[in-house]
file data09.txt (compact mmCIF, C-alpha atoms and all ligand atoms)
# COMPACT_ATOMS: atom_id res chain seq x y z
CA MET A 267 155.19 -4.96 196.14
CA ARG A 268 156.07 -1.27 195.61
CA ARG A 269 153.17 1.00 196.58
CA SER A 270 154.44 4.34 195.27
CA ALA A 271 156.78 5.94 192.74
CA GLU A 272 157.53 9.27 191.17
CA VAL A 273 156.45 7.99 187.75
CA GLY A 274 154.05 5.11 187.16
CA ILE A 275 153.98 3.64 183.66
CA VAL A 276 151.02 1.41 182.85
CA GLY A 277 152.10 -1.07 180.18
CA ALA A 278 155.56 -2.41 179.37
CA GLY A 279 155.33 -2.82 175.60
CA PRO A 280 157.74 -0.98 173.27
CA ALA A 281 156.45 2.46 174.34
CA GLY A 282 156.34 1.81 178.10
CA SER A 283 159.62 -0.06 178.46
CA ARG A 284 161.57 2.48 176.42
CA THR A 285 160.02 5.38 178.35
CA ALA A 286 160.98 3.61 181.59
CA ALA A 287 164.56 3.07 180.43
CA LEU A 288 164.98 6.70 179.34
CA LEU A 289 163.43 8.26 182.47
CA ALA A 290 165.21 5.88 184.87
CA ALA A 291 168.50 6.79 183.16
CA LYS A 292 167.81 10.41 184.22
CA GLY A 293 167.66 9.23 187.84
CA ILE A 294 163.84 9.33 188.06
CA GLU A 295 162.09 6.69 190.18
CA VAL A 296 160.01 4.69 187.69
CA LEU A 297 157.57 1.86 188.30
CA LEU A 298 156.38 -0.21 185.33
CA LEU A 299 153.10 -2.07 185.81
CA ASP A 300 152.28 -4.89 183.38
CA PRO A 301 150.91 -8.34 184.19
CA LYS A 302 152.07 -10.07 181.01
CA THR A 303 155.27 -8.68 179.61
CA PRO A 304 157.34 -10.15 178.06
CA TRP A 305 154.71 -11.92 175.96
CA GLU A 306 153.85 -12.84 172.39
CA LYS A 307 151.54 -9.91 171.73
CA PRO A 308 149.44 -10.47 168.59
CA CYS A 309 151.53 -8.58 166.03
CA GLY A 310 153.33 -8.99 162.71
CA GLY A 311 156.57 -7.97 164.39
CA GLY A 312 157.85 -6.18 161.27
CA LEU A 313 160.43 -3.47 161.99
CA PRO A 314 161.44 -1.07 159.20
CA ALA A 315 165.14 -0.52 158.51
CA ALA A 316 164.57 3.19 159.20
CA LEU A 317 164.00 2.33 162.86
CA PHE A 318 167.54 0.96 163.21
CA ASP A 319 168.95 3.97 161.35
CA GLU A 320 167.18 6.29 163.77
CA LEU A 321 167.76 4.47 167.08
CA SER A 322 171.31 3.11 167.17
CA GLU A 323 170.62 1.60 170.63
CA LEU A 324 168.58 -1.10 168.80
CA GLU A 325 171.55 -2.42 166.80
CA ASP A 326 171.91 -5.47 169.11
CA LEU A 327 168.32 -6.46 168.33
CA LYS A 328 169.27 -7.33 164.75
CA SER A 329 170.86 -10.60 165.89
CA LEU A 330 167.46 -11.60 167.36
CA ALA A 331 165.45 -10.69 164.26
CA ARG A 332 165.27 -11.84 160.66
CA PRO A 333 165.94 -9.45 157.77
CA VAL A 334 163.57 -10.00 154.84
CA HIS A 335 164.62 -8.56 151.49
CA ARG A 336 161.81 -9.73 149.22
CA ALA A 337 158.06 -9.17 149.15
CA ARG A 338 155.28 -10.90 147.27
CA VAL A 339 152.19 -8.75 146.77
CA ALA A 340 149.02 -10.48 145.69
CA LEU A 341 145.30 -10.28 145.15
CA THR A 342 143.21 -13.23 146.36
CA SER A 343 143.22 -15.96 143.68
CA ARG A 344 145.46 -14.03 141.30
CA PRO A 345 149.18 -14.53 140.56
CA ALA A 346 151.43 -12.51 142.87
CA ILE A 347 154.08 -9.98 141.88
CA GLU A 348 157.56 -10.30 143.37
CA LEU A 349 159.51 -7.25 144.53
CA ALA A 350 162.99 -6.68 145.90
CA LEU A 351 162.83 -4.33 148.89
CA ASP A 352 165.11 -1.33 148.84
CA GLN A 353 165.89 -1.90 152.52
CA PRO A 354 165.08 -5.03 154.55
CA ILE A 355 162.17 -5.31 156.96
CA TRP A 356 163.30 -7.01 160.19
CA MET A 357 160.93 -9.62 161.62
CA ILE A 358 160.99 -10.24 165.34
CA SER A 359 158.97 -12.21 167.87
CA ARG A 360 157.21 -9.85 170.27
CA HIS A 361 158.25 -12.00 173.23
CA THR A 362 161.89 -11.53 172.22
CA LEU A 363 161.46 -7.77 171.73
CA GLY A 364 159.60 -7.44 175.05
CA ARG A 365 162.28 -9.36 176.99
CA TRP A 366 165.07 -7.27 175.45
CA GLN A 367 163.33 -3.98 176.23
CA LEU A 368 162.27 -4.89 179.75
CA ASP A 369 165.87 -5.90 180.56
CA ARG A 370 167.09 -2.49 179.40
CA ALA A 371 164.51 -0.72 181.57
CA LEU A 372 165.48 -2.79 184.63
CA GLN A 373 169.20 -2.23 183.97
CA ALA A 374 168.54 1.52 183.86
CA GLY A 375 167.01 1.29 187.34
CA ALA A 376 163.26 1.03 186.68
CA TYR A 377 161.11 -1.32 188.78
CA HIS A 378 158.57 -3.72 187.33
CA GLU A 379 155.51 -5.12 189.07
CA ARG A 380 153.65 -7.92 187.34
CA VAL A 381 150.14 -6.54 188.01
CA LYS A 382 147.22 -5.27 185.99
CA VAL A 383 145.87 -1.78 186.66
CA ARG A 384 142.09 -2.09 186.99
CA SER A 385 141.16 1.57 187.40
CA LEU A 386 142.71 4.92 188.30
CA SER A 387 141.77 8.27 189.75
CA ARG A 388 143.32 11.61 190.69
CA SER A 389 144.77 11.69 194.19
CA GLY A 390 146.21 14.92 195.61
CA ASN A 391 148.93 16.06 193.21
CA GLY A 392 149.17 12.69 191.53
CA TRP A 393 147.29 9.51 190.75
CA MET A 394 146.00 6.45 192.59
CA LEU A 395 146.13 3.21 190.60
CA GLU A 396 143.97 0.29 191.69
CA THR A 397 145.76 -2.96 190.93
CA VAL A 398 144.79 -6.56 191.58
CA SER A 399 147.30 -6.47 194.47
CA GLY A 400 146.13 -3.19 196.04
CA PRO A 401 146.60 0.54 195.43
CA VAL A 402 149.71 2.29 194.08
CA THR A 403 150.21 6.07 194.20
CA VAL A 404 152.34 7.94 191.67
CA SER A 405 153.12 11.62 191.06
CA HIS A 406 153.11 11.27 187.27
CA LEU A 407 151.15 8.79 185.21
CA ILE A 408 152.15 7.50 181.79
CA GLY A 409 149.66 5.48 179.75
CA ALA A 410 151.55 2.95 177.63
CA ASP A 411 148.83 0.33 177.85
CA GLY A 412 148.14 -0.10 174.16
CA ALA A 413 145.25 0.63 171.83
CA ALA A 414 142.42 -0.12 174.29
CA SER A 415 144.11 2.00 176.96
CA THR A 416 142.58 2.15 180.45
CA VAL A 417 144.69 5.24 181.17
CA ARG A 418 143.39 7.07 178.07
CA ASN A 419 139.79 6.25 178.95
CA ALA A 420 140.24 7.72 182.45
CA ALA A 421 142.66 10.62 181.86
CA ALA A 422 141.90 11.72 178.27
CA PRO A 423 138.41 10.43 177.39
CA ASP A 424 138.01 13.02 174.62
CA LEU A 425 140.93 11.64 172.60
CA ALA A 426 139.11 9.63 169.93
CA VAL A 427 141.08 6.57 168.83
CA GLU A 428 139.89 4.33 166.02
CA LEU A 429 140.39 0.65 166.77
CA ALA A 430 141.07 -1.60 163.77
CA PRO A 431 140.43 -5.28 164.51
CA THR A 432 143.03 -7.92 163.63
CA ARG A 433 143.45 -11.67 163.95
CA VAL A 434 146.73 -13.57 163.89
CA ALA A 435 147.74 -17.20 163.55
CA TYR A 436 151.23 -18.31 164.41
CA PRO A 437 152.02 -21.40 162.36
CA LEU A 438 154.64 -23.30 164.33
CA GLY A 439 156.70 -26.37 163.56
CA ALA A 440 156.46 -25.94 159.80
CA GLY A 441 160.22 -26.18 159.22
CA ARG A 442 162.26 -23.35 157.80
CA THR A 443 160.22 -20.22 157.21
CA PRO A 444 160.11 -18.62 153.74
CA ASP A 445 162.56 -15.85 152.75
CA THR A 446 159.82 -13.60 151.42
CA LEU A 447 157.10 -11.65 153.17
CA VAL A 448 153.64 -11.76 151.63
CA LEU A 449 150.95 -9.08 151.55
CA GLN A 450 147.59 -10.08 150.11
CA PHE A 451 144.76 -7.70 149.26
CA ASP A 452 141.12 -8.42 148.65
CA ARG A 453 138.38 -6.40 146.97
CA GLY A 454 136.11 -6.41 150.03
CA LEU A 455 138.80 -5.47 152.55
CA THR A 456 140.28 -2.11 153.62
CA GLY A 457 143.35 -3.75 155.08
CA TYR A 458 145.41 -6.79 154.16
CA VAL A 459 146.52 -10.32 154.99
CA TRP A 460 150.21 -10.65 155.87
CA ASP A 461 152.62 -13.56 156.14
CA PHE A 462 155.79 -12.48 157.95
CA PRO A 463 158.63 -15.01 158.32
CA ARG A 464 160.36 -14.79 161.67
CA LEU A 465 163.42 -16.75 162.78
CA ASP A 466 161.56 -19.96 163.66
CA HIS A 467 157.90 -19.43 162.82
CA ARG A 468 155.55 -17.30 160.72
CA SER A 469 153.12 -14.62 161.81
CA VAL A 470 150.12 -14.83 159.49
CA GLY A 471 147.41 -12.29 160.15
CA ILE A 472 144.77 -9.96 158.83
CA MET A 473 143.90 -6.34 159.55
CA ALA A 474 140.50 -4.88 158.63
CA CYS A 475 140.44 -1.09 159.05
CA ASP A 476 136.73 -0.58 158.45
CA GLY A 477 135.61 -2.77 161.34
CA THR A 478 132.99 -4.62 159.27
CA TRP A 479 134.78 -7.99 159.37
CA ARG A 480 133.80 -10.27 162.25
CA ARG A 481 136.18 -12.70 163.97
CA ALA A 482 134.96 -15.79 162.06
CA ALA A 483 135.44 -14.04 158.70
CA LEU A 484 138.94 -12.87 159.70
CA ASP A 485 139.94 -16.39 160.82
CA GLY A 486 138.39 -17.83 157.64
CA ALA A 487 140.50 -15.50 155.47
CA ILE A 488 143.66 -16.55 157.34
CA ASP A 489 142.82 -20.26 156.95
CA GLU A 490 142.17 -19.82 153.25
CA PHE A 491 145.49 -18.03 152.85
CA ARG A 492 147.38 -20.69 154.82
CA ALA A 493 145.84 -23.51 152.79
CA VAL A 494 147.31 -21.94 149.63
CA HIS A 495 150.65 -20.82 151.10
CA LYS A 496 151.58 -23.86 153.18
CA PRO A 497 155.29 -24.70 153.26
CA GLY A 498 154.52 -28.28 154.37
CA PRO A 499 151.91 -30.08 156.43
CA LEU A 500 149.65 -27.56 158.14
CA ALA A 501 150.24 -27.37 161.90
CA ALA A 502 147.30 -26.20 164.02
CA PRO A 503 147.61 -22.43 164.41
CA ARG A 504 147.76 -20.61 167.73
CA ARG A 505 145.19 -17.86 167.24
CA ALA A 506 144.98 -14.45 168.86
CA GLY A 507 143.29 -11.12 168.24
CA ALA A 508 143.95 -7.49 169.11
CA VAL A 509 143.15 -3.99 167.92
CA ILE A 510 145.41 -1.36 166.39
CA GLY A 511 144.88 2.20 167.65
CA THR A 512 145.08 5.31 165.48
CA ALA A 513 143.88 8.70 166.65
CA GLN A 514 142.42 11.38 164.38
CA LEU A 515 145.46 13.58 164.99
CA GLY A 516 146.41 14.47 161.45
CA HIS A 517 148.55 17.54 161.16
CA GLY A 518 146.61 19.38 163.79
CA ASP A 519 145.95 19.35 167.47
CA PHE A 520 148.00 16.89 169.53
CA SER A 521 147.06 18.48 172.86
CA GLY A 522 144.88 15.51 173.91
CA ILE A 523 147.86 13.17 174.35
CA ALA A 524 149.01 14.80 177.61
CA GLY A 525 147.72 16.95 180.44
CA ASP A 526 148.17 17.69 184.11
CA ARG A 527 150.65 15.03 185.36
CA PHE A 528 149.81 12.47 182.68
CA ALA A 529 150.94 11.57 179.18
CA LEU A 530 150.12 8.86 176.66
CA VAL A 531 152.70 7.09 174.49
CA GLY A 532 152.51 4.52 171.68
CA ASP A 533 149.17 2.96 170.74
CA ALA A 534 147.54 4.46 173.86
CA ALA A 535 148.01 7.86 172.21
CA GLY A 536 146.81 6.49 168.86
CA PHE A 537 150.23 6.64 167.22
CA ALA A 538 149.93 3.56 164.96
CA ASP A 539 150.07 4.43 161.26
CA PRO A 540 146.47 4.78 159.98
CA PHE A 541 147.37 3.28 156.59
CA THR A 542 149.67 0.36 157.37
CA GLY A 543 148.82 -0.31 161.03
CA GLU A 544 152.53 -0.29 161.94
CA GLY A 545 153.07 1.16 165.39
CA ILE A 546 156.27 -0.18 166.96
CA HIS A 547 158.46 2.50 165.40
CA ASN A 548 156.18 5.32 166.55
CA ALA A 549 155.76 3.74 170.00
CA LEU A 550 159.53 3.81 170.46
CA ARG A 551 159.82 7.31 169.02
CA SER A 552 157.07 8.67 171.29
CA ALA A 553 158.99 7.37 174.32
CA GLY A 554 162.01 9.40 173.17
CA LEU A 555 159.88 12.50 172.63
CA LEU A 556 158.35 12.26 176.09
CA ALA A 557 161.78 11.83 177.70
CA GLU A 558 162.97 14.90 175.80
CA ALA A 559 159.91 16.91 176.89
CA TRP A 560 160.60 15.95 180.52
CA GLU A 561 163.43 18.47 180.47
CA ALA A 562 160.84 21.27 180.14
CA GLY A 563 159.69 20.73 183.75
CA VAL A 564 156.37 19.63 185.24
CA ASP A 565 154.39 22.74 184.28
CA GLU A 566 155.49 22.75 180.64
CA LEU A 567 155.71 19.00 180.09
CA ALA A 568 152.32 18.39 178.45
CA GLN A 569 152.67 21.26 176.01
CA ALA A 570 156.28 20.42 175.17
CA TYR A 571 155.43 16.77 174.50
CA ALA A 572 152.40 17.61 172.33
CA GLY A 573 154.54 20.01 170.31
CA LEU A 574 157.32 17.48 169.74
CA ALA A 575 154.78 14.80 168.75
CA ARG A 576 153.08 17.12 166.26
CA GLU A 577 156.46 17.90 164.69
CA ALA A 578 157.45 14.23 164.54
CA PHE A 579 154.15 12.65 163.42
CA GLY A 580 151.98 15.39 161.89
CA THR A 581 153.12 15.00 158.29
CA GLN A 582 153.29 11.20 158.49
CA PHE A 583 149.69 10.92 159.72
CA THR A 584 148.40 13.36 157.10
CA ILE A 585 150.05 11.38 154.30
CA ALA A 586 148.92 8.06 155.78
CA ARG A 587 145.29 9.19 155.97
CA LEU A 588 145.49 10.42 152.39
CA LEU A 589 146.92 7.07 151.23
CA ARG A 590 144.25 5.21 153.16
CA ARG A 591 141.49 7.20 151.47
CA THR A 592 142.95 7.19 147.96
CA LEU A 593 144.43 3.67 147.85
CA GLY A 594 142.62 1.75 150.62
CA GLU A 595 139.00 2.85 151.00
CA SER A 596 138.49 3.71 147.32
CA GLY A 597 139.69 0.28 146.17
CA LEU A 598 142.31 1.88 143.89
CA GLY A 599 145.16 0.11 145.69
CA VAL A 600 143.59 -3.30 145.01
CA ARG A 601 143.12 -2.40 141.35
CA LEU A 602 146.76 -1.23 141.14
CA VAL A 603 148.00 -4.56 142.53
CA GLY A 604 145.84 -6.30 139.92
CA TRP A 605 147.29 -4.17 137.11
CA ALA A 606 150.86 -4.60 138.40
CA ALA A 607 151.02 -8.17 137.01
CA SER A 608 150.76 -6.79 133.45
CA SER A 609 151.74 -3.10 133.67
CA ALA A 610 155.31 -1.89 134.36
CA LEU A 611 153.93 1.50 135.43
CA ALA A 612 151.65 -0.05 138.08
CA TYR A 613 154.33 -2.56 139.13
CA SER A 614 156.91 0.15 139.74
CA PHE A 615 154.35 2.30 141.61
CA VAL A 616 153.52 -0.62 143.95
CA ALA A 617 157.26 -1.24 144.52
CA ALA A 618 157.91 2.43 145.36
CA THR A 619 154.86 2.59 147.64
CA LEU A 620 155.97 -0.50 149.55
CA ASP A 621 159.44 0.95 150.06
CA ALA A 622 157.98 4.29 151.13
CA VAL A 623 155.60 2.87 153.72
CA SER A 624 158.14 0.42 155.12
CA GLY A 625 161.09 2.79 155.00
CA LYS A 626 159.31 6.12 155.68
CA THR A 627 161.19 7.69 152.80
CA SER A 628 160.89 11.16 151.28
CA LEU A 629 158.88 12.12 148.19
CA SER A 630 162.04 12.51 146.09
CA ARG A 631 163.23 9.04 147.05
CA PHE A 632 159.78 7.63 146.26
CA LEU A 633 159.84 9.21 142.80
CA ALA A 634 163.43 8.02 142.17
CA ARG A 635 162.48 4.48 143.16
CA TRP A 636 159.36 4.57 140.98
CA TYR A 637 161.30 5.82 137.99
CA GLY A 638 164.25 3.42 138.54
CA THR A 639 162.01 0.36 138.85
CA LEU A 640 159.97 1.42 135.83
CA LYS A 641 163.15 1.75 133.73
CA ASP A 642 164.39 -1.69 134.86
CA ALA A 643 161.00 -3.33 134.25
CA ARG A 644 160.73 -1.84 130.72
CA ALA A 645 164.32 -2.83 129.92
CA ALA A 646 163.63 -6.40 131.10
CA ALA A 647 160.47 -6.58 128.97
CA ALA A 648 162.20 -5.20 125.82
C1 LIG B 1 147.82 -8.07 164.80
C2 LIG B 1 148.71 -6.88 164.80
C3 LIG B 1 149.78 -6.82 163.91
C4 LIG B 1 150.68 -5.75 163.97
N1 LIG B 1 151.77 -5.77 163.16
C5 LIG B 1 152.69 -4.78 163.28
C6 LIG B 1 153.92 -4.83 162.56
O1 LIG B 1 154.21 -5.78 161.83
N2 LIG B 1 154.80 -3.80 162.70
C7 LIG B 1 154.53 -2.75 163.54
O2 LIG B 1 155.35 -1.83 163.63
N3 LIG B 1 153.39 -2.70 164.25
C8 LIG B 1 152.48 -3.69 164.16
N4 LIG B 1 151.34 -3.65 164.91
C9 LIG B 1 151.14 -2.53 165.85
C10 LIG B 1 151.99 -2.76 167.11
O3 LIG B 1 151.70 -4.02 167.66
C11 LIG B 1 151.69 -1.66 168.12
O4 LIG B 1 151.68 -0.41 167.49
C12 LIG B 1 152.75 -1.62 169.23
O5 LIG B 1 152.79 -2.84 169.92
C13 LIG B 1 152.41 -0.48 170.19
O6 LIG B 1 153.28 -0.55 171.30
P1 LIG B 1 152.78 -0.03 172.70
O7 LIG B 1 153.92 -0.20 173.64
O8 LIG B 1 152.16 1.29 172.56
O9 LIG B 1 151.57 -1.00 173.13
P2 LIG B 1 151.54 -2.59 173.29
O10 LIG B 1 152.63 -3.24 172.56
O11 LIG B 1 150.14 -2.97 172.98
O12 LIG B 1 151.82 -2.81 174.84
C14 LIG B 1 150.87 -2.47 175.81
C15 LIG B 1 151.21 -3.22 177.09
O13 LIG B 1 150.32 -2.74 178.10
C16 LIG B 1 149.91 -3.82 178.91
N5 LIG B 1 148.63 -3.45 179.50
C17 LIG B 1 147.46 -3.25 178.87
N6 LIG B 1 146.51 -2.93 179.76
C18 LIG B 1 147.09 -2.91 180.98
C19 LIG B 1 146.62 -2.63 182.31
N7 LIG B 1 145.35 -2.31 182.54
N8 LIG B 1 147.51 -2.72 183.33
C20 LIG B 1 148.82 -3.03 183.11
N9 LIG B 1 149.31 -3.30 181.88
C21 LIG B 1 148.47 -3.23 180.82
C22 LIG B 1 149.84 -5.01 177.96
O14 LIG B 1 150.03 -6.23 178.68
C23 LIG B 1 150.99 -4.72 177.00
O15 LIG B 1 152.18 -5.40 177.37
C24 LIG B 1 150.44 -4.70 164.87
C25 LIG B 1 149.34 -4.73 165.74
C26 LIG B 1 148.49 -5.82 165.71
C27 LIG B 1 147.32 -5.87 166.68

call {"tool": "encode", "arguments": {"input": "data09.txt", "output": "structure tokens"}}
result
Amino acid sequence: MRRSAEVGIVGAGPAGSRTAALLAAKGIEVLLLDPKTPWEKPCGGGLPAALFDELSELEDLKSLARPVHRARVALTSRPAIELALDQPIWMISRHTLGRWQLDRALQAGAYHERVKVRSLSRSGNGWMLETVSGPVTVSHLIGADGAASTVRNAAAPDLAVELAPTRVAYPLGAGRTPDTLVLQFDRGLTGYVWDFPRLDHRSVGIMACDGTWRRAALDGAIDEFRAVHKPGPLAAPRRAGAVIGTAQLGHGDFSGIAGDRFALVGDAAGFADPFTGEGIHNALRSAGLLAEAWEAGVDELAQAYAGLAREAFGTQFTIARLLRRTLGESGLGVRLVGWAASSALAYSFVAATLDAVSGKTSLSRFLARWYGTLKDARAAAA
């Protein structure tokens, strides 16, 4: 096993593997530490079309994912509304994504050790990582170890990250998966139930932002959903749980995500969207921002990275927090979904919101979509 490296990256999810690939391509000695990857991390696996527009290197991934063009949005025990998505959402298994990304990192020259980092401490000019197979020393440390990050807890304990609990069931062996993704809202839930069709199975899960739902209640909501939305005989689900990490970064101070010879990327930095819980896109983007900041040199790295992250994510997080307060926590979003079955205005607003959050579109595009859908819905009703 390798005992030292210039850069040690803890975690080989989307953020860690892409960071490894980009830094190794610069000729930097990179060691990725992750005991599980590639693995089926509990996740919806939904990738917005905007991600492929932004990162052309991901084009090959499309053949391993499933594009979904239709959404059904529902309230518990009420008829659902059907929407055509402006751009598809691509559904992928996390094992498939992890394998693809790890291969790219290894091809670029990064090393991977299948070990868990138990603890870490400063050592001289770098860091000492305690792993289950002994110590590893690195000059630079990158925390890409997800929402409950060990690296963040040790290197940046003041960075407050909110952890939203989730549960997932992967219904297998149920034949062909549906062509439509489903989002279901409930009056007592700041969050949602999702049903995402992948190539050969479905990811059905629930996210509860406010942390008041316990595991049994989350599993119960999934079972209730599955009983209604079964495509055939119900296979026993494979259950898993995880948290989604969002920091209180807003527009403001991103300085906590990096410091002397360390940086955090992806969920470890709290980069998941506080409204939707999506984080793969931002995890991949943060890897690119860190690689770009590397050019600033060791002394300027932390400041350069924090600045790039603020520029890239500041507005998105501010809008997402606003949407969460106005649509999620207030219950207005649930009421809008209820009205959408009978009101063209509410229907078109829900359609435009779904496109905006999945496609990360601009305000003008949101308004154009709202207006266009409203016109079509009124014409169809006339
Ligand atoms: C149930 C659920 C559903 C979601 N659905 C979506 C979705 O549909 N679309 C979307 O965009 N986002 C979704 N997300 C968010 C998405 O999963 C994360 O934002 C994304 O995976 C973050 O990538 P990451 O690389 O930062 O961390 P992760 O993907 O969490 O990877 C972290 C890696 O670090 C490793 N690790 C952890 N601790 C250690 C340690 N001590 N030592 C070594 N290795 C370690 C883990 O094994 C793991 O491989 C969902 C999240 C959850 C929980």

call {"tool": "residues_around", "arguments": {"input": "data09.txt", "residues": "A:Leu515", "least_positions_apart": "2", "cutoff": "9 Å", "atoms": "all atoms listed in the file", "output": "number ranges by chain"}}
result
A: 426, 512-513, 517-520, 536-537, 576, 579-580, 583-584

call {"tool": "write_last_selection", "arguments": {"input": "data09.txt", "atoms": "C-alpha atoms", "output": "short mmCIF file (atom, residue, chain, number, x, y, z; two decimals), in the coordinates of the input"}}
result
data_model
loop_
_atom_site.label_atom_id
_atom_site.label_comp_id
_atom_site.auth_asym_id
_atom_site.auth_seq_id
_atom_site.Cartn_x
_atom_site.Cartn_y
_atom_site.Cartn_z
CA ALA A 426 139.11 9.63 169.93
CA THR A 512 145.08 5.31 165.48
CA ALA A 513 143.88 8.70 166.65
CA HIS A 517 148.55 17.54 161.16
CA GLY A 518 146.61 19.38 163.79
CA ASP A 519 145.95 19.35 167.47
CA PHE A 520 148.00 16.89 169.53
CA GLY A 536 146.81 6.49 168.86
CA PHE A 537 150.23 6.64 167.22
CA ARG A 576 153.08 17.12 166.26
CA PHE A 579 154.15 12.65 163.42
CA GLY A 580 151.98 15.39 161.89
CA PHE A 583 149.69 10.92 159.72
CA THR A 584 148.40 13.36 157.10
#

call {"tool": "closest_atom_pairs", "arguments": {"input": "data09.txt", "of": "stretch 536-638 of chain A", "to": "stretch 291-307 of chain A", "cutoff": "12 Å", "atoms": "all atoms listed in the file", "output": "Markdown table"}}
result
| residue | atom | partner | partner_atom | distance |
| --- | --- | --- | --- | --- |
| A:Ile546 | CA | A:Lys307 | CA | 11.8 |
| A:Ala557 | CA | A:Lys292 | CA | 9.0 |
| A:Glu558 | CA | A:Lys292 | CA | 10.7 |
| A:Trp560 | CA | A:Lys292 | CA | 9.8 |
| A:Glu561 | CA | A:Lys292 | CA | 9.9 |

call {"tool": "residues_near_ligand", "arguments": {"input": "data09.txt", "ligand": "ligand LIG 1 (chain B)", "cutoff": "6 Å", "atoms": "only C-alpha atoms and all ligand atoms", "output": "VMD selection string"}}
result
chain A and resid 276 to 282 299 to 303 308 to 313 382 to 384 410 to 412 416 432 to 434 508 to 510 532 to 534 538 543 to 547 549

call {"tool": "closest_residue", "arguments": {"input": "data09.txt", "among": "A:Leu351, A:Leu324, A:Ala421, A:Leu330", "to": "A:Val623", "atoms": "all atoms listed in the file"}}
result
A:Leu351

call {"tool": "closest_residue", "arguments": {"input": "data09.txt", "among": "A:Thr362, A:Ser385, A:Thr446, A:Ser628", "to": "A:Ala420", "atoms": "all atoms listed in the file"}}
result
A:Ser385

call {"tool": "closest_residue", "arguments": {"input": "data09.txt", "among": "A:Asp424, A:Asp526, A:Asp452, A:Asp621", "to": "A:Leu349", "atoms": "all atoms listed in the file"}}
result
A:Asp621

call {"tool": "closest_residue", "arguments": {"input": "data09.txt", "among": "A:Asp466, A:Glu272, A:Glu490, A:Glu325", "to": "A:Val404", "atoms": "only C-alpha atoms"}}
result
A:Glu272
